[in-house]
file my_file_15.txt (compact mmCIF, C-alpha atoms)
# COMPACT_ATOMS: atom_id res chain seq x y z
CA MET A 3 -19.55 -40.20 -119.29
CA LYS A 4 -21.69 -43.15 -120.28
CA GLU A 5 -24.18 -44.85 -117.96
CA TYR A 6 -24.25 -41.88 -115.61
CA LYS A 7 -27.26 -42.22 -113.39
CA LEU A 8 -28.91 -39.27 -111.72
CA GLU A 9 -30.74 -40.57 -108.65
CA TRP A 10 -34.44 -39.78 -108.29
CA TRP A 11 -33.99 -37.59 -105.23
CA LYS A 12 -31.48 -35.41 -107.06
CA ILE A 13 -34.02 -34.87 -109.84
CA LEU A 14 -36.63 -34.12 -107.16
CA CYS A 15 -34.23 -31.63 -105.57
CA ILE A 16 -33.72 -29.83 -108.90
CA VAL A 17 -37.44 -29.70 -109.67
CA LEU A 18 -38.31 -28.40 -106.20
CA LEU A 19 -35.54 -25.79 -106.37
CA TYR A 20 -36.93 -24.46 -109.64
CA TYR A 21 -40.43 -24.41 -108.18
CA SER A 22 -39.35 -22.49 -105.11
CA VAL A 23 -37.38 -19.92 -107.10
CA VAL A 24 -40.12 -19.27 -109.66
CA GLY A 25 -43.04 -19.67 -107.24
CA GLY A 26 -41.23 -17.70 -104.56
CA PHE A 27 -41.24 -14.67 -106.81
CA LEU A 28 -44.51 -14.98 -108.64
CA LEU A 29 -47.05 -16.59 -106.30
CA PRO A 30 -49.12 -14.25 -104.11
CA VAL A 31 -47.89 -13.28 -100.64
CA PRO A 32 -49.66 -11.40 -97.83
CA ARG A 33 -49.50 -7.62 -98.16
CA LEU A 34 -47.91 -6.32 -94.97
CA PHE A 35 -46.47 -2.98 -93.90
CA ILE A 36 -42.69 -2.70 -93.39
CA LEU A 37 -42.13 -6.19 -94.76
CA ASN A 38 -43.66 -5.38 -98.13
CA GLU A 39 -42.17 -7.52 -100.87
CA SER A 40 -39.21 -8.54 -98.71
CA ILE A 41 -41.48 -11.18 -97.15
CA ARG A 42 -40.39 -13.35 -100.04
CA LEU A 43 -36.95 -13.63 -98.53
CA PHE A 44 -38.56 -15.93 -95.98
CA TYR A 45 -38.70 -18.56 -98.74
CA PHE A 46 -34.92 -18.57 -98.91
CA HIS A 47 -33.82 -17.47 -95.43
CA PHE A 48 -35.75 -20.04 -93.41
CA PRO A 49 -34.72 -23.12 -95.47
CA MET A 50 -31.06 -22.24 -94.85
CA TRP A 51 -31.54 -22.77 -91.12
CA CYS A 52 -33.56 -25.93 -91.66
CA THR A 53 -30.78 -27.36 -93.80
CA MET A 54 -28.14 -26.32 -91.29
CA LEU A 55 -30.02 -27.99 -88.45
CA LEU A 56 -30.63 -31.17 -90.44
CA LEU A 57 -26.94 -31.44 -91.28
CA PHE A 58 -25.82 -30.71 -87.72
CA LEU A 59 -28.27 -33.32 -86.47
CA LEU A 60 -26.91 -35.90 -88.93
CA SER A 61 -23.40 -34.88 -87.92
CA VAL A 62 -24.04 -35.47 -84.23
CA ILE A 63 -25.77 -38.80 -84.95
CA TYR A 64 -22.71 -39.97 -86.87
CA SER A 65 -20.42 -38.72 -84.14
CA VAL A 66 -22.30 -40.89 -81.66
CA LYS A 67 -22.09 -43.78 -84.12
CA TYR A 68 -18.36 -43.22 -84.40
CA LEU A 69 -17.94 -43.29 -80.64
CA ARG A 70 -19.88 -46.55 -80.47
CA THR A 71 -18.18 -48.34 -83.36
CA GLY A 72 -14.88 -46.54 -83.91
CA SER A 73 -15.17 -46.82 -87.70
CA LEU A 74 -13.60 -43.89 -89.52
CA PRO A 75 -16.26 -43.50 -92.28
CA HIS A 76 -18.69 -42.41 -89.58
CA ASP A 77 -16.22 -39.77 -88.46
CA ASP A 78 -15.83 -38.63 -92.07
CA PHE A 79 -19.58 -38.26 -92.40
CA ALA A 80 -19.80 -36.20 -89.22
CA VAL A 81 -17.13 -33.78 -90.47
CA GLU A 82 -18.57 -33.31 -93.95
CA ALA A 83 -22.09 -32.80 -92.66
CA ALA A 84 -20.85 -30.20 -90.17
CA LYS A 85 -18.89 -28.44 -92.93
CA VAL A 86 -21.91 -28.11 -95.20
CA GLY A 87 -24.02 -27.19 -92.17
CA VAL A 88 -21.74 -24.27 -91.35
CA PHE A 89 -21.86 -23.22 -95.00
CA PHE A 90 -25.66 -23.07 -94.93
CA GLY A 91 -25.55 -21.32 -91.58
CA VAL A 92 -23.35 -18.58 -93.01
CA LEU A 93 -25.74 -18.24 -95.95
CA GLY A 94 -28.60 -17.96 -93.48
CA LEU A 95 -26.80 -15.24 -91.56
CA ALA A 96 -26.01 -13.34 -94.75
CA THR A 97 -29.57 -13.42 -96.05
CA GLY A 98 -30.82 -12.53 -92.59
CA MET A 99 -28.52 -9.50 -92.48
CA VAL A 100 -29.81 -8.20 -95.78
CA TRP A 101 -33.35 -8.69 -94.57
CA ALA A 102 -32.62 -7.02 -91.24
CA LYS A 103 -31.23 -3.98 -93.05
CA ALA A 104 -34.45 -3.67 -95.03
CA THR A 105 -36.92 -4.21 -92.21
CA TRP A 106 -35.20 -3.51 -88.88
CA GLY A 107 -32.90 -0.78 -90.16
CA ALA A 108 -29.51 -2.31 -89.43
CA PHE A 109 -27.46 -5.21 -90.69
CA TRP A 110 -26.88 -6.45 -87.18
CA THR A 111 -29.08 -5.78 -84.19
CA ASN A 112 -28.69 -6.87 -80.60
CA ASP A 113 -31.40 -9.41 -81.14
CA PRO A 114 -30.60 -12.45 -78.96
CA LYS A 115 -31.30 -14.81 -81.82
CA LEU A 116 -28.70 -13.14 -84.01
CA ASN A 117 -26.00 -13.09 -81.37
CA ASN A 118 -26.71 -16.63 -80.24
CA THR A 119 -26.65 -17.97 -83.77
CA ALA A 120 -23.32 -16.30 -84.34
CA ILE A 121 -22.00 -17.90 -81.15
CA GLY A 122 -23.40 -21.27 -82.27
CA LEU A 123 -21.62 -21.04 -85.61
CA MET A 124 -18.39 -20.05 -83.85
CA ILE A 125 -18.67 -23.20 -81.73
CA TYR A 126 -18.87 -25.23 -84.92
CA VAL A 127 -15.93 -23.38 -86.42
CA ALA A 128 -13.97 -24.34 -83.31
CA TYR A 129 -14.86 -27.96 -84.11
CA PHE A 130 -12.76 -27.70 -87.26
CA VAL A 131 -9.97 -25.93 -85.40
CA LEU A 132 -9.94 -28.81 -82.92
CA ARG A 133 -9.79 -31.35 -85.73
CA GLY A 134 -7.03 -29.51 -87.50
CA SER A 135 -4.87 -29.43 -84.41
CA LEU A 136 -4.74 -33.21 -83.92
CA GLN A 137 -2.54 -35.55 -85.91
CA ASP A 138 -3.60 -38.98 -84.80
CA GLU A 139 -6.74 -40.15 -86.61
CA THR A 140 -8.43 -42.06 -83.83
CA GLN A 141 -7.61 -39.43 -81.24
CA ARG A 142 -8.93 -36.71 -83.55
CA GLY A 143 -12.06 -38.74 -84.26
CA ARG A 144 -12.87 -39.39 -80.62
CA LEU A 145 -12.11 -35.93 -79.29
CA SER A 146 -13.98 -34.16 -82.06
CA ALA A 147 -16.95 -36.53 -81.78
CA VAL A 148 -17.29 -35.69 -78.10
CA TYR A 149 -16.91 -32.00 -78.92
CA ASN A 150 -19.55 -32.30 -81.66
CA ILE A 151 -22.07 -33.70 -79.19
CA PHE A 152 -21.33 -30.79 -76.88
CA ALA A 153 -21.67 -28.32 -79.76
CA PHE A 154 -25.07 -29.65 -80.79
CA ALA A 155 -26.28 -29.76 -77.21
CA ILE A 156 -25.41 -26.10 -76.73
CA LEU A 157 -26.69 -25.00 -80.16
CA ILE A 158 -30.29 -26.02 -79.52
CA PRO A 159 -30.77 -23.94 -76.35
CA LEU A 160 -28.81 -21.10 -77.94
CA ILE A 161 -31.09 -20.73 -80.94
CA PHE A 162 -34.40 -22.15 -79.75
CA ILE A 163 -34.74 -21.62 -76.03
CA LEU A 164 -32.76 -18.56 -74.94
CA PRO A 165 -34.13 -16.13 -77.60
CA ARG A 166 -37.65 -17.03 -76.47
CA MET A 167 -36.96 -16.08 -72.88
CA THR A 168 -36.32 -12.44 -73.76
CA ASP A 169 -37.68 -9.99 -76.28
CA SER A 170 -36.58 -10.66 -79.79
CA LEU A 171 -37.24 -9.04 -83.12
CA HIS A 172 -37.69 -12.43 -84.70
CA PRO A 173 -41.33 -13.34 -85.21
CA GLY A 174 -42.67 -15.68 -82.59
CA ASN A 175 -39.90 -15.07 -80.08
CA GLY A 176 -40.41 -13.65 -76.65
CA GLY A 177 -43.01 -16.17 -75.56
CA ASN A 178 -44.69 -17.80 -78.50
CA PRO A 179 -43.29 -20.49 -80.71
CA GLY A 180 -41.85 -19.28 -84.00
CA PHE A 181 -42.83 -20.66 -87.40
CA ARG A 182 -46.29 -21.97 -86.56
CA LEU A 183 -48.06 -24.47 -88.73
CA PHE A 184 -51.45 -22.76 -88.66
CA ASP A 185 -50.12 -19.24 -88.46
CA THR A 186 -48.36 -18.97 -91.78
CA SER A 187 -50.44 -17.63 -94.62
CA HIS A 188 -51.78 -20.39 -96.83
CA ASP A 189 -50.26 -18.80 -99.92
CA MET A 190 -46.83 -19.01 -98.40
CA LYS A 191 -47.09 -22.59 -97.21
CA LEU A 192 -46.97 -23.92 -100.76
CA VAL A 193 -43.56 -22.46 -101.42
CA ILE A 194 -42.02 -22.54 -97.97
CA TYR A 195 -42.43 -26.30 -97.50
CA THR A 196 -41.16 -26.94 -101.00
CA ALA A 197 -38.16 -24.71 -100.43
CA VAL A 198 -37.33 -26.40 -97.11
CA VAL A 199 -37.39 -29.85 -98.73
CA ALA A 200 -35.47 -28.59 -101.78
CA PHE A 201 -32.66 -26.98 -99.81
CA CYS A 202 -32.41 -29.91 -97.39
CA LEU A 203 -31.98 -32.23 -100.36
CA LEU A 204 -29.40 -29.86 -101.83
CA GLY A 205 -27.45 -29.83 -98.57
CA TRP A 206 -27.58 -33.62 -98.43
CA TRP A 207 -26.41 -33.83 -102.05
CA ILE A 208 -23.38 -31.62 -101.42
CA THR A 209 -22.58 -33.58 -98.25
CA THR A 210 -22.63 -36.92 -100.08
CA LEU A 211 -20.38 -35.50 -102.80
CA LEU A 212 -17.81 -34.30 -100.27
CA LEU A 213 -18.05 -37.59 -98.41
CA ARG A 214 -17.43 -39.61 -101.57
CA LEU A 215 -14.41 -37.51 -102.43
CA LYS A 216 -13.08 -37.98 -98.90
CA THR A 217 -13.59 -41.74 -99.07
CA TYR A 218 -11.75 -41.79 -102.35
CA SER A 219 -8.79 -39.83 -101.07
CA ARG A 220 -8.65 -42.09 -98.02
CA LEU A 221 -8.49 -45.15 -100.26
CA GLN A 222 -5.85 -43.44 -102.37
CA ASP A 223 -3.76 -42.74 -99.28
CA GLU A 224 -4.00 -46.36 -98.22
CA MET A 225 -2.77 -47.52 -101.62
CA ASP A 226 0.23 -45.20 -101.65
CA MET B 15 -75.75 28.42 -86.17
CA LYS B 16 -73.74 29.16 -89.21
CA TRP B 17 -70.53 28.35 -87.39
CA THR B 18 -71.83 25.09 -85.98
CA ARG B 19 -72.82 23.97 -89.47
CA LEU B 20 -69.42 24.87 -90.78
CA LEU B 21 -67.77 23.03 -87.93
CA LEU B 22 -69.93 19.97 -88.61
CA LEU B 23 -69.05 20.08 -92.28
CA PHE B 24 -65.38 20.36 -91.42
CA GLY B 25 -65.66 17.42 -89.04
CA ILE B 26 -67.35 15.26 -91.66
CA LEU B 27 -64.75 16.23 -94.22
CA CYS B 28 -61.98 15.27 -91.80
CA LEU B 29 -63.61 11.94 -91.10
CA SER B 30 -64.08 11.13 -94.75
CA ALA B 31 -60.50 12.15 -95.49
CA GLN B 32 -59.29 9.83 -92.74
CA GLY B 33 -61.41 7.01 -94.09
CA HIS B 34 -59.97 7.63 -97.51
CA ALA B 35 -56.45 7.57 -96.16
CA GLN B 36 -57.13 4.25 -94.52
CA THR B 37 -58.43 2.55 -97.62
CA SER B 38 -55.68 3.87 -99.86
CA GLY B 39 -52.94 3.03 -97.37
CA THR B 40 -52.35 -0.54 -98.47
CA PRO B 41 -48.81 -1.82 -98.07
CA GLU B 42 -46.57 -1.07 -100.96
CA MET B 43 -45.74 -4.09 -103.09
CA ALA B 44 -43.95 -4.54 -106.39
CA ASP B 45 -47.17 -4.09 -108.33
CA ALA B 46 -45.62 -1.73 -110.85
CA LEU B 47 -42.81 -4.16 -111.43
CA ARG B 48 -45.37 -6.88 -111.95
CA SER B 49 -47.56 -4.91 -114.34
CA ASP B 50 -44.48 -3.83 -116.28
CA GLY B 51 -43.53 -7.46 -116.50
CA LYS B 52 -40.10 -6.68 -115.16
CA ILE B 53 -40.34 -9.08 -112.23
CA TYR B 54 -40.03 -11.78 -114.87
CA THR B 55 -36.57 -10.45 -115.66
CA VAL B 56 -35.54 -11.15 -112.09
CA VAL B 57 -37.08 -14.60 -112.18
CA VAL B 58 -35.35 -15.43 -115.46
CA GLY B 59 -32.05 -14.20 -114.03
CA LEU B 60 -32.42 -16.40 -110.98
CA VAL B 61 -33.42 -19.38 -113.08
CA ILE B 62 -30.27 -18.88 -115.16
CA ILE B 63 -28.11 -18.82 -112.03
CA LEU B 64 -29.87 -21.87 -110.63
CA THR B 65 -29.41 -23.70 -113.92
CA GLY B 66 -25.71 -22.88 -113.87
CA VAL B 67 -25.26 -24.06 -110.29
CA ILE B 68 -27.19 -27.27 -110.89
CA PHE B 69 -25.30 -27.96 -114.10
CA TYR B 70 -22.04 -27.54 -112.20
CA LEU B 71 -23.25 -29.76 -109.38
CA ILE B 72 -24.24 -32.51 -111.82
CA ARG B 73 -20.82 -32.26 -113.48
CA ILE B 74 -19.10 -32.72 -110.12
CA ASP B 75 -21.46 -35.59 -109.32
CA ARG B 76 -20.59 -37.22 -112.60
CA LYS B 77 -16.88 -36.75 -112.03
CA VAL B 78 -17.06 -38.30 -108.57
CA GLN B 79 -18.98 -41.25 -109.98
CA ARG B 80 -16.37 -41.77 -112.68
CA ILE B 81 -13.57 -41.68 -110.12
CA GLU B 82 -15.40 -44.26 -108.01
CA LYS B 83 -15.83 -46.54 -111.01
CA ASN B 84 -12.14 -46.32 -111.88
CA GLN B 85 -11.33 -47.09 -108.27
CA LYS B 86 -13.40 -50.26 -108.43
CA LYS B 87 -11.70 -51.38 -111.63
CA GLN B 88 -8.25 -51.19 -110.06
call {"tool": "encode", "arguments": {"input": "my_file_15.txt", "output": "structure tokens"}}
result
Amino acid sequence: MKEYKLEWWKILCIVLLYYSVVGGFLLPVPRLFILNESIRLFYFHFPMWCTMLLLFLLSVIYSVKYLRTGSLPHDDFAVEAAKVGVFFGVLGLATGMVWAKATWGAFWTNDPKLNNTAIGLMIYVAYFVLRGSLQDETQRGRLSAVYNIFAFAILIPLIFILPRMTDSLHPGNGGNPGFRLFDTSHDMKLVIYTAVVAFCLLGWWITTLLLRLKTYSRLQDEMD
Amino acid sequence: MKWTRLLLLFGILCLSAQGHAQTSGTPEMADALRSDGKIYTVVVGLVIILTGVIFYLIRIDRKVQRIEKNQKKQ
């Protein structure tokens, strides 16, 4: 219990999370038809995807590192980051479904972005299936690292490029870029940037915790 | 003459009614909830949940750190 040190970025994460929850509900938002007050869900729906992407990006970077060096801690990092990434992705889907029910009238529409994101998450779920089916550590590490690179390479076109080539219910799809820097209402920028940073830090925090536990159990296994 | 005047009056009335409808048709927001002060209930509820989650996270963090320290001692 004694000399427990809470790192500065964890404190920052907590402060920013509180700001985005309180500010997300109380600060002014644009008054728009159909969206009405549900526009505030943007503060919590969008950061989920940012966190997921950040973690998947870190995961693929560490997979490449693993392939270059062959050191198992890199492989561990790639797995844990992908796990937390999928977790945030599922949260993003769930919040999106609630929002879709309120504004588009159905929990799931045939919007290309929805379907493609679901496919993308399935690809990542298959990553864990692949890992679970291999016994040998180095074989598992190498195969799944290659698969992870493939998964990331297919995820980006699935969620960023393909939805833009057809009509989509998501704002900014079907031609124009989505979340635009100068397009978002100024009132919303304050909270949305904070929330993105806060949730990314939270995702990173959870990833490091899982990674430390994994490192510990690996050491424990070696001692036994 | 009488009819044209009536028609004109009707037209003006229609126009003004439409104008009125446009100004009063602002998107519906949780203004009542805000003036009642009940939105604060939601915010307080969320803050409680967030506090709980963060408290739990810090506890896990602390536990992991303790395990790591014990590991180093061995």
call {"tool": "closest_atom_pairs", "arguments": {"input": "my_file_15.txt", "of": "chain B", "to": "chain A", "cutoff": "7 Å", "atoms": "all atoms listed in the file", "output": "Markdown table"}}
result
| residue | atom | partner | partner_atom | distance |
| --- | --- | --- | --- | --- |
| B:Pro41 | CA | A:Phe35 | CA | 4.9 |
| B:Glu42 | CA | A:Asn38 | CA | 5.9 |
| B:Met43 | CA | A:Glu39 | CA | 5.4 |
| B:Ala44 | CA | A:Glu39 | CA | 6.5 |
| B:Val57 | CA | A:Val24 | CA | 6.1 |
| B:Asp75 | CA | A:Leu211 | CA | 6.6 |
| B:Arg76 | CA | A:Tyr6 | CA | 6.6 |
| B:Val78 | CA | A:Leu215 | CA | 6.7 |
call {"tool": "write_last_selection", "arguments": {"input": "my_file_15.txt", "atoms": "C-alpha atoms", "output": "short mmCIF file (atom, residue, chain, number, x, y, z; two decimals), keeping the file's coordinate frame"}}
result
data_model
loop_
_atom_site.label_atom_id
_atom_site.label_comp_id
_atom_site.auth_asym_id
_atom_site.auth_seq_id
_atom_site.Cartn_x
_atom_site.Cartn_y
_atom_site.Cartn_z
CA PRO B 41 -48.81 -1.82 -98.07
CA GLU B 42 -46.57 -1.07 -100.96
CA MET B 43 -45.74 -4.09 -103.09
CA ALA B 44 -43.95 -4.54 -106.39
CA VAL B 57 -37.08 -14.60 -112.18
CA ASP B 75 -21.46 -35.59 -109.32
CA ARG B 76 -20.59 -37.22 -112.60
CA VAL B 78 -17.06 -38.30 -108.57
#
call {"tool": "atom_distance", "arguments": {"input": "my_file_15.txt", "atom1": "atom CA of A:Ser170", "atom2": "atom CA of A:Leu95"}}
result
16.0 Å
call {"tool": "atom_distance", "arguments": {"input": "my_file_15.txt", "atom1": "atom CA of A:Asp138", "atom2": "atom CA of A:Leu60"}}
result
23.9 Å
call {"tool": "atom_distance", "arguments": {"input": "my_file_15.txt", "atom1": "atom CA of B:Gln79", "atom2": "atom CA of A:Glu9"}}
result
11.9 Å
call {"tool": "closest_residue", "arguments": {"input": "my_file_15.txt", "among": "A:Ile158, A:Cys52, A:Ala84, A:Ile63", "to": "A:Ile121", "atoms": "all atoms listed in the file"}}
result
A:Ile158
call {"tool": "closest_residue", "arguments": {"input": "my_file_15.txt", "among": "A:Trp11, A:Phe201, A:Phe162, A:Phe58", "to": "A:Lys115", "atoms": "only C-alpha atoms"}}
result
A:Phe162
call {"tool": "closest_residue", "arguments": {"input": "my_file_15.txt", "among": "A:Leu56, A:Leu116, A:Ile41, A:Leu14", "to": "A:Ala96", "atoms": "all atoms listed in the file"}}
result
A:Leu116
